[in-house]
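As structure tokens, the structure follows; a few thoughts come after it.
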Amino acid sequence: MKTMAAILVELGKPLAVAELEVPPLKPGQVLVEVAFSGVCHTQLSEARGRRGADPYVPHCLGHEASGWVRELGTGVRKVQTGDAVILSWLKGSGADIPGTVYAWNGRDVNAGGVTTFSRFAVVSENRLTRLSPDFPLREAALLGCPVPTGVGAVVNTAAARPGQSVAVFGVGGVGCCAVAGALVAGCHPIVAVDVNPFKLELARSMGASQTVLASDADVVKRVVDAAGGSLDLAIEVTGIPSVMQQALLAVRPRGGIAVIVGNARHGETVEINPRLFNDGKQLRGTWGGDTDPDRDFPRYCRLVQSGKLGLAPLLSRSYHLPEINQALDDLEAGTVLRPLIDMSA
Ligand SMILES: [Zn+2]
């Protein structure tokens, strides 16, 4: 069978949209019909060549989606044909099958354990999580990356407690989910920090109680003031080394925690005054919000279904697959928080 897919052929160039031949399933793989795929900065960085050399081109991409199981490789037990599923780069239980090779006019096109910028995708069992049939598939696509990363950074990595003050530096898709996670955790105040006033407005609709425009002077002081004079937790989601420094500077001495979520460009480093550690500040990294999909995805689903985790502001704009390059451009320009690719046309 064939599928329409977006392909990274050359770094820094627009993605090609073309028909690929889908290979037969290996044991542990699942054929999924993709319903909606999110687009995140990881794919933008890949496409623009900001992650360094890429030995896999030409390759498929995308790592967060929703869809339906259409065919099972041998040995797959976690899902059944017809199931609605979340596709995610985060590994859960099940077979871990690293990759797939599609064919494109006699040329090989690589794909990892999960890719989502295609109508049909061959996915490793461990990148799938079953979804209850009444869960909305648009929201479900966000459960593959921004929700677990953003909410998890707050509730798992920082282990936020009710009443703690939180600042989120960078309120794109993942940052807005961190804001929503802070709201779910009962944090207050919740300070959103960004250079883009449009994103600050959206962060307010996701639960931010204060906003700080990061292009003005004295960002650290204004964030601490907005947090009521003492900031317990900072979540950094920009990938900019100077903002990582600001996050650590802003948290309080003796127990303040800064969590770094953002991906810096390849080769960049961050300089830190070690005195901050002697003051008792903590710096933490995170692997996708320290999410365990089998444990956490059902929890996030319940939060969405009960209305406690509102994702609607993130779903403002959808595109069809042939418009994938427009989606990447709009994400880069900051005019859309989380482009959603609707595979139905
Ligand atoms: Zn992502």
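Ordering of the structure tokens sets the chain letters (A, B, ...); residue numbers start at 1 within each chain; ligands are numbered from 1 in the order shown.
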### Task
Please provide the set of residues having any atom within 9 Å of Asp329 of chain A, restricted to only C-alpha atoms, with same-chain residues fewer than 5 positions apart removed, written as a PyMOL selection string.
chain A and resi 44+324+334
Those residues you just picked out, can you put them in a file as a short mmCIF file (atom, residue, chain, number, x, y, z; two decimals), in the first residue's frame with N, CA and C atoms?
```
data_model
loop_
_atom_site.label_atom_id
_atom_site.label_comp_id
_atom_site.auth_asym_id
_atom_site.auth_seq_id
_atom_site.Cartn_x
_atom_site.Cartn_y
_atom_site.Cartn_z
N LEU A 44 10.79 21.45 13.60
CA LEU A 44 11.28 22.69 13.01
C LEU A 44 12.81 22.71 13.05
N ILE A 324 2.10 21.48 5.03
CA ILE A 324 3.00 21.26 6.16
C ILE A 324 4.09 22.33 6.26
N GLY A 334 5.80 32.25 15.17
CA GLY A 334 5.10 32.44 16.45
C GLY A 334 3.66 32.91 16.27
#
```
### Task
Kindly compile the residues surrounding ligand 1 within 9 Å, counting only C-alpha atoms and all ligand atoms, and format them as a list in words.
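Checking only C-alpha atoms and all ligand atoms against ligand 1 at 9 Å gives Gly38, Val39, Cys40, His41, Thr42, Gln43, Gly62, His63, Glu64, Ser88, Trp89, Leu142, Gly144, Cys145, Pro146, Thr149, Val174 and Gly288 of chain A.
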### Message
I need the residue nearest Gly163 of chain A from this list: A:Asp232, A:Asp342, A:Glu323, A:Asp279. Use only C-alpha atoms for the distance.
### Response
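Result for the nearest residue to Gly163 of chain A: A:Asp232.
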### Query
Mind checking DSSP for segment 16-211 of chain A and telling me the helix (DSSP H, G or I) residues as a PyMOL selection string?
chain A and resi 41-48+125-127+137-142+146-157+173-184+197-206
Create the file for the chosen residues now, containing N, CA and C atoms and written as a short mmCIF file (atom, residue, chain, number, x, y, z; two decimals), in the first residue's frame.
```
data_model
loop_
_atom_site.label_atom_id
_atom_site.label_comp_id
_atom_site.auth_asym_id
_atom_site.auth_seq_id
_atom_site.Cartn_x
_atom_site.Cartn_y
_atom_site.Cartn_z
N HIS A 41 8.58 22.20 17.87
CA HIS A 41 9.87 22.82 17.53
C HIS A 41 10.95 21.79 17.23
N THR A 42 10.76 20.56 17.71
CA THR A 42 11.74 19.53 17.38
C THR A 42 11.80 19.32 15.86
N GLN A 43 10.63 19.22 15.22
CA GLN A 43 10.62 19.02 13.77
C GLN A 43 11.11 20.27 13.04
N LEU A 44 10.79 21.45 13.60
CA LEU A 44 11.28 22.69 13.01
C LEU A 44 12.81 22.71 13.05
N SER A 45 13.39 22.35 14.20
CA SER A 45 14.86 22.32 14.32
C SER A 45 15.46 21.29 13.37
N GLU A 46 14.81 20.12 13.27
CA GLU A 46 15.29 19.09 12.34
C GLU A 46 15.28 19.62 10.90
N ALA A 47 14.14 20.18 10.51
CA ALA A 47 13.97 20.61 9.12
C ALA A 47 14.94 21.74 8.77
N ARG A 48 15.20 22.62 9.75
CA ARG A 48 16.08 23.77 9.48
C ARG A 48 17.55 23.42 9.68
N GLU A 125 5.32 -0.73 18.66
CA GLU A 125 4.25 -0.95 19.66
C GLU A 125 4.39 -0.04 20.89
N ASN A 126 5.65 0.17 21.33
CA ASN A 126 5.85 0.90 22.59
C ASN A 126 5.62 2.41 22.47
N ARG A 127 5.35 2.91 21.25
CA ARG A 127 5.05 4.34 21.08
C ARG A 127 3.55 4.58 20.97
N LEU A 137 -10.10 13.28 19.16
CA LEU A 137 -8.81 12.97 18.54
C LEU A 137 -7.93 14.20 18.34
N ARG A 138 -8.54 15.38 18.23
CA ARG A 138 -7.71 16.60 18.10
C ARG A 138 -6.89 16.79 19.37
N GLU A 139 -7.57 16.77 20.51
CA GLU A 139 -6.87 16.91 21.79
C GLU A 139 -5.86 15.77 21.99
N ALA A 140 -6.24 14.57 21.52
CA ALA A 140 -5.38 13.40 21.75
C ALA A 140 -4.01 13.57 21.11
N ALA A 141 -3.94 14.29 19.97
CA ALA A 141 -2.64 14.49 19.32
C ALA A 141 -1.68 15.23 20.25
N LEU A 142 -2.23 16.14 21.07
CA LEU A 142 -1.38 16.92 21.98
C LEU A 142 -0.87 16.08 23.15
N PRO A 146 3.35 17.78 23.78
CA PRO A 146 3.34 18.98 24.64
C PRO A 146 2.70 18.75 26.00
N VAL A 147 1.64 17.96 26.08
CA VAL A 147 1.00 17.74 27.38
C VAL A 147 1.92 16.96 28.33
N PRO A 148 2.42 15.78 27.93
CA PRO A 148 3.29 15.07 28.87
C PRO A 148 4.55 15.86 29.21
N THR A 149 5.14 16.57 28.23
CA THR A 149 6.37 17.31 28.50
C THR A 149 6.10 18.49 29.42
N GLY A 150 5.09 19.29 29.10
CA GLY A 150 4.81 20.50 29.87
C GLY A 150 4.20 20.20 31.23
N VAL A 151 3.14 19.41 31.24
CA VAL A 151 2.49 19.08 32.52
C VAL A 151 3.46 18.26 33.37
N GLY A 152 4.15 17.29 32.74
CA GLY A 152 5.07 16.42 33.48
C GLY A 152 6.24 17.19 34.10
N ALA A 153 6.74 18.22 33.39
CA ALA A 153 7.85 19.01 33.95
C ALA A 153 7.44 19.64 35.27
N VAL A 154 6.17 20.01 35.38
CA VAL A 154 5.67 20.65 36.61
C VAL A 154 5.35 19.61 37.68
N VAL A 155 4.55 18.60 37.29
CA VAL A 155 4.04 17.69 38.33
C VAL A 155 5.01 16.55 38.65
N ASN A 156 5.80 16.10 37.65
CA ASN A 156 6.76 15.02 37.91
C ASN A 156 8.14 15.57 38.26
N THR A 157 8.74 16.34 37.33
CA THR A 157 10.14 16.77 37.50
C THR A 157 10.28 17.75 38.65
N GLY A 173 3.58 25.91 22.75
CA GLY A 173 2.72 24.77 23.05
C GLY A 173 3.09 24.06 24.34
N VAL A 174 4.38 23.72 24.51
CA VAL A 174 4.81 23.01 25.71
C VAL A 174 4.70 23.92 26.93
N GLY A 175 5.12 25.18 26.77
CA GLY A 175 5.05 26.13 27.89
C GLY A 175 3.62 26.34 28.37
N CYS A 176 2.68 26.45 27.42
CA CYS A 176 1.28 26.61 27.82
C CYS A 176 0.78 25.36 28.55
N CYS A 177 1.28 24.20 28.16
CA CYS A 177 0.90 22.98 28.89
C CYS A 177 1.52 22.97 30.29
N ALA A 178 2.71 23.58 30.44
CA ALA A 178 3.30 23.71 31.77
C ALA A 178 2.43 24.63 32.63
N VAL A 179 1.94 25.71 32.03
CA VAL A 179 1.02 26.61 32.74
C VAL A 179 -0.21 25.83 33.20
N ALA A 180 -0.78 25.04 32.28
CA ALA A 180 -1.97 24.25 32.62
C ALA A 180 -1.65 23.23 33.71
N GLY A 181 -0.44 22.66 33.65
CA GLY A 181 -0.02 21.70 34.67
C GLY A 181 0.10 22.36 36.04
N ALA A 182 0.62 23.60 36.05
CA ALA A 182 0.75 24.34 37.31
C ALA A 182 -0.63 24.63 37.90
N LEU A 183 -1.59 24.91 37.02
CA LEU A 183 -2.97 25.16 37.48
C LEU A 183 -3.56 23.89 38.09
N VAL A 184 -3.36 22.75 37.40
CA VAL A 184 -3.85 21.47 37.90
C VAL A 184 -3.23 21.14 39.26
N PRO A 197 3.53 38.96 22.84
CA PRO A 197 2.30 39.29 23.59
C PRO A 197 1.13 38.35 23.25
N PHE A 198 1.07 37.86 22.00
CA PHE A 198 0.01 36.93 21.58
C PHE A 198 0.08 35.64 22.40
N LYS A 199 1.32 35.14 22.61
CA LYS A 199 1.47 33.92 23.40
C LYS A 199 1.13 34.17 24.88
N LEU A 200 1.45 35.37 25.37
CA LEU A 200 1.11 35.69 26.77
C LEU A 200 -0.41 35.68 26.97
N GLU A 201 -1.15 36.18 25.98
CA GLU A 201 -2.62 36.16 26.06
C GLU A 201 -3.12 34.72 26.13
N LEU A 202 -2.57 33.86 25.26
CA LEU A 202 -2.99 32.46 25.26
C LEU A 202 -2.65 31.78 26.59
N ALA A 203 -1.47 32.14 27.13
CA ALA A 203 -1.07 31.56 28.41
C ALA A 203 -2.06 31.95 29.51
N ARG A 204 -2.59 33.17 29.42
CA ARG A 204 -3.62 33.59 30.38
C ARG A 204 -4.85 32.69 30.27
N SER A 205 -5.22 32.38 29.03
CA SER A 205 -6.41 31.53 28.85
C SER A 205 -6.15 30.09 29.28
N MET A 206 -4.88 29.72 29.42
CA MET A 206 -4.53 28.37 29.91
C MET A 206 -4.35 28.35 31.43
#
```
#### Entry: Per-residue DSSP, segment 16-124 of chain A, filtered to strand (DSSP E or B), as a ChimeraX atom specification
/A:16-21,29-38,59-60,64-72,84-88,100-104,107-111,118,120-124
### Task
May I have the residues within 12 Å of Gly94 of chain A as a count of residues only, using only C-alpha atoms and disregarding those fewer than 6 positions away in the same chain?
18
### Message
Please list as a VMD selection string every residue within 12 Å of segment 250-252 of chain A, counting only C-alpha atoms and excluding residues in the same chain fewer than 5 positions away.
### Response
chain A and resid 164 to 169 191 193 218 to 236 243 to 245 257 to 259 276 to 277 279 to 283
Residues from last step as file, C-alpha atoms, as a compact mmCIF listing (two decimals), in the first residue's frame:
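This is the output file part_30.txt:
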```txt
# COMPACT_ATOMS: atom_id res chain seq x y z
CA GLN A 164 3.84 27.15 45.21
CA SER A 165 4.69 30.00 42.86
CA VAL A 166 5.71 29.02 39.31
CA ALA A 167 7.13 30.93 36.36
CA VAL A 168 7.11 29.46 32.85
CA PHE A 169 9.72 30.99 30.54
CA VAL A 191 3.70 33.70 35.85
CA VAL A 193 7.09 34.96 30.48
CA ASP A 218 15.04 43.48 34.18
CA VAL A 219 13.13 40.30 33.37
CA VAL A 220 14.35 38.36 36.41
CA LYS A 221 13.31 41.07 38.86
CA ARG A 222 9.91 41.51 37.23
CA VAL A 223 9.28 37.76 37.29
CA VAL A 224 10.15 37.57 41.00
CA ASP A 225 7.93 40.59 41.70
CA ALA A 226 5.06 39.00 39.75
CA ALA A 227 5.53 35.85 41.83
CA GLY A 228 5.00 37.90 45.00
CA GLY A 229 8.68 38.35 45.88
CA SER A 230 9.76 34.69 45.99
CA LEU A 231 9.65 32.18 43.13
CA ASP A 232 9.55 28.49 44.06
CA LEU A 233 9.69 26.89 40.60
CA ALA A 234 10.84 27.98 37.14
CA ILE A 235 10.12 25.97 34.00
CA GLU A 236 12.31 26.96 31.03
CA VAL A 243 16.87 32.26 29.42
CA MET A 244 18.08 29.10 31.19
CA GLN A 245 20.31 31.42 33.26
CA ILE A 257 14.00 24.59 41.45
CA ALA A 258 14.62 25.46 37.80
CA VAL A 259 13.65 22.79 35.26
CA LEU A 276 23.85 29.82 42.76
CA PHE A 277 24.24 26.15 43.73
CA ASP A 279 22.77 29.30 47.63
CA GLY A 280 20.76 26.08 47.50
CA LYS A 281 19.15 26.51 44.10
CA GLN A 282 18.51 23.37 42.09
CA LEU A 283 18.78 22.86 38.35
```
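Ranking A:Thr335, A:Leu340, A:Leu90, A:Arg50 by their shortest atom-to-atom distance to Gly239 of chain A, with only C-alpha atoms included, puts A:Arg50 first.
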### Task
Find, counting only C-alpha atoms, the residue in A:Pro58, A:Gly267, A:Pro298, A:Gly67 that gets nearest to Ser344 of chain A.
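Among the listed residues, A:Gly67 lies closest to Ser344 of chain A.
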